[in-house]
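Written out below as structure tokens is the structure these notes cover.
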Amino acid sequence: MSSRITEKSSNYDDLEKMEVGELIENINKEDKTVAVSVEKELPAITKLAQAVFEKLNSGGRLFYIGAGTSGRLGIVDASECPPTYGVEHDLVIGLIAGGDSAIRKAVEFAEDDPLGGWHDLQKENISEKDIVIGLAASGTTPYVVGALELCQKNNITTGCITCNPNAPISKVSDFPVEVVVGPEFVTGSTRMKSGTAQKLVLNMVSSAAMIKLGRVKGNKMVDMQLSNNKLVDRGVKMLMNELNISEEKAKEYLLNYGSVRSAISELKKK
């Protein structure tokens, strides 16, 4: 493996001597480079997203597995799929080293167990129908690398999102994505540019897969769960525009049928 770019010394020094405005400006300057780095990996991201769609479309599940910031980002993406797209909670699953308690508080050395990730996947009855994406900015996390290695040995499709080139995690990934964002503003703090890059890629992969699964109509989230007033209001507006009906009628239909898609489908039958 080449030297870990994510651990290289920051391009900036004497951070503590900078004024707050200067810190903010320089962090923003670094953040601007992230989307450009992601753009270079679009072909690889496309292959990964296509693989995810095909697995989900064939009745499989998507697993994200990571540690620390990477693990938390996977859990965020997984947890947002049901309310956004109306899919079952067990379609996209996020796993983190140390278990759910590690979402809020780091669990010491949990990421160093090379068998821990595989054990966690086995608890979910992982099978060849599923796809597992390993998330590790460094690309070396034993919990993640070990899990993907055993997935491959068991004919389970794997992918990864990392920020180091030629990392160990890429060697055990069928669909590797390597977004090289360079040294972090605070040396080694991969929750910064690396975390932003992983979040951007996760957005692309899950959104593309859900759209291709038919969970979006036009550009609208027609299967979103009506879990708060904001989403109800959004659904009402969608129905008003689609069916050319009053706000009162739209709300009545939405709450009666439970989703924008169901309301449109039922009302067009009449």
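Residue numbers start at 1 in each chain; chains themselves are named A, B, ... in the order of the structure tokens; ligands are numbered from 1 in the order shown.
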Rows by chain and residue number, stretch 146-206 of chain A within 12 Å of stretch 79-100 of chain A, shortest pair, only C-alpha atoms, as JSON lines:
```
{"residue": "A:Gly146", "atom": "CA", "partner": "A:Ala97", "partner_atom": "CA", "distance": 11.9}
{"residue": "A:Ala147", "atom": "CA", "partner": "A:Ala97", "partner_atom": "CA", "distance": 11.0}
{"residue": "A:Leu202", "atom": "CA", "partner": "A:Glu80", "partner_atom": "CA", "distance": 11.3}
{"residue": "A:Asn203", "atom": "CA", "partner": "A:Glu80", "partner_atom": "CA", "distance": 10.3}
{"residue": "A:Val205", "atom": "CA", "partner": "A:Cys81", "partner_atom": "CA", "distance": 11.6}
{"residue": "A:Ser206", "atom": "CA", "partner": "A:Cys81", "partner_atom": "CA", "distance": 7.8}
```
Open item on the list: With only C-alpha atoms as the counted atoms, please give the residues lying no more than 12 Å from stretch 123-129 of chain A, apart from itself and same-chain residues fewer than 2 positions off, as a PyMOL selection string.
Closed with: chain A and resi 51-63+90-95+99+116-121+131-132+147-148+150-158
Mind running stretch 148-186 of chain A against stretch 15-33 of chain A at 10 Å and telling me each contacting residue's nearest atom pair with the distance in Å (one decimal), counting only C-alpha atoms, chain and number ascending, as a Markdown table?
```
| residue | atom | partner | partner_atom | distance |
| --- | --- | --- | --- | --- |
| A:Val181 | CA | A:Thr33 | CA | 7.2 |
| A:Gly182 | CA | A:Thr33 | CA | 9.1 |
| A:Pro183 | CA | A:Glu30 | CA | 9.3 |
| A:Glu184 | CA | A:Glu30 | CA | 8.1 |
| A:Phe185 | CA | A:Ile27 | CA | 6.5 |
| A:Val186 | CA | A:Leu15 | CA | 8.3 |
```
- [ ] Enumerate as a ChimeraX atom specification all residues of stretch 11-70 of chain A assigned to helix (DSSP H, G or I) by DSSP on the backbone, naming them with the chain letters and numbers the document uses.
- [x] /A:15-17,20-39,42-57,68-70
TODO: Select, from A:Ala102, A:Gly71, A:Leu200, A:Met192, the residue with the minimum atom-to-atom distance to A:Val144, counting only C-alpha atoms.
DONE: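 Closest residue, counting only C-alpha atoms: A:Gly71.
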- [ ] Find the residues near A:Pro165: any atom within 12 Å, counting only C-alpha atoms, skip ones fewer than 4 places away on the same chain, and give them as a list in words.
- [x]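 Non-adjacent residues within range: Met1, Ser2, Ser3, Arg4, Ile5, Thr6, Glu41, Ala136, Ala137, Ser138, Gly139, Thr140, Cys160, Ile161, Ile169, Ser170, Lys171, Pro176, Val177, Glu178, Val179, Val180, Val181 and Gly182 of chain A.
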- [ ] Using atom CA of A:Lys47 and atom CA of A:Pro142 as the two end points, give the distance in Å to one decimal.
- [x] 24.8 Å
TODO: Could you pull out the residues in stretch 170-233 of chain A that DSSP calls strand (DSSP E) from the backbone, as a PyMOL selection string?
DONE: chain A and resi 175-178
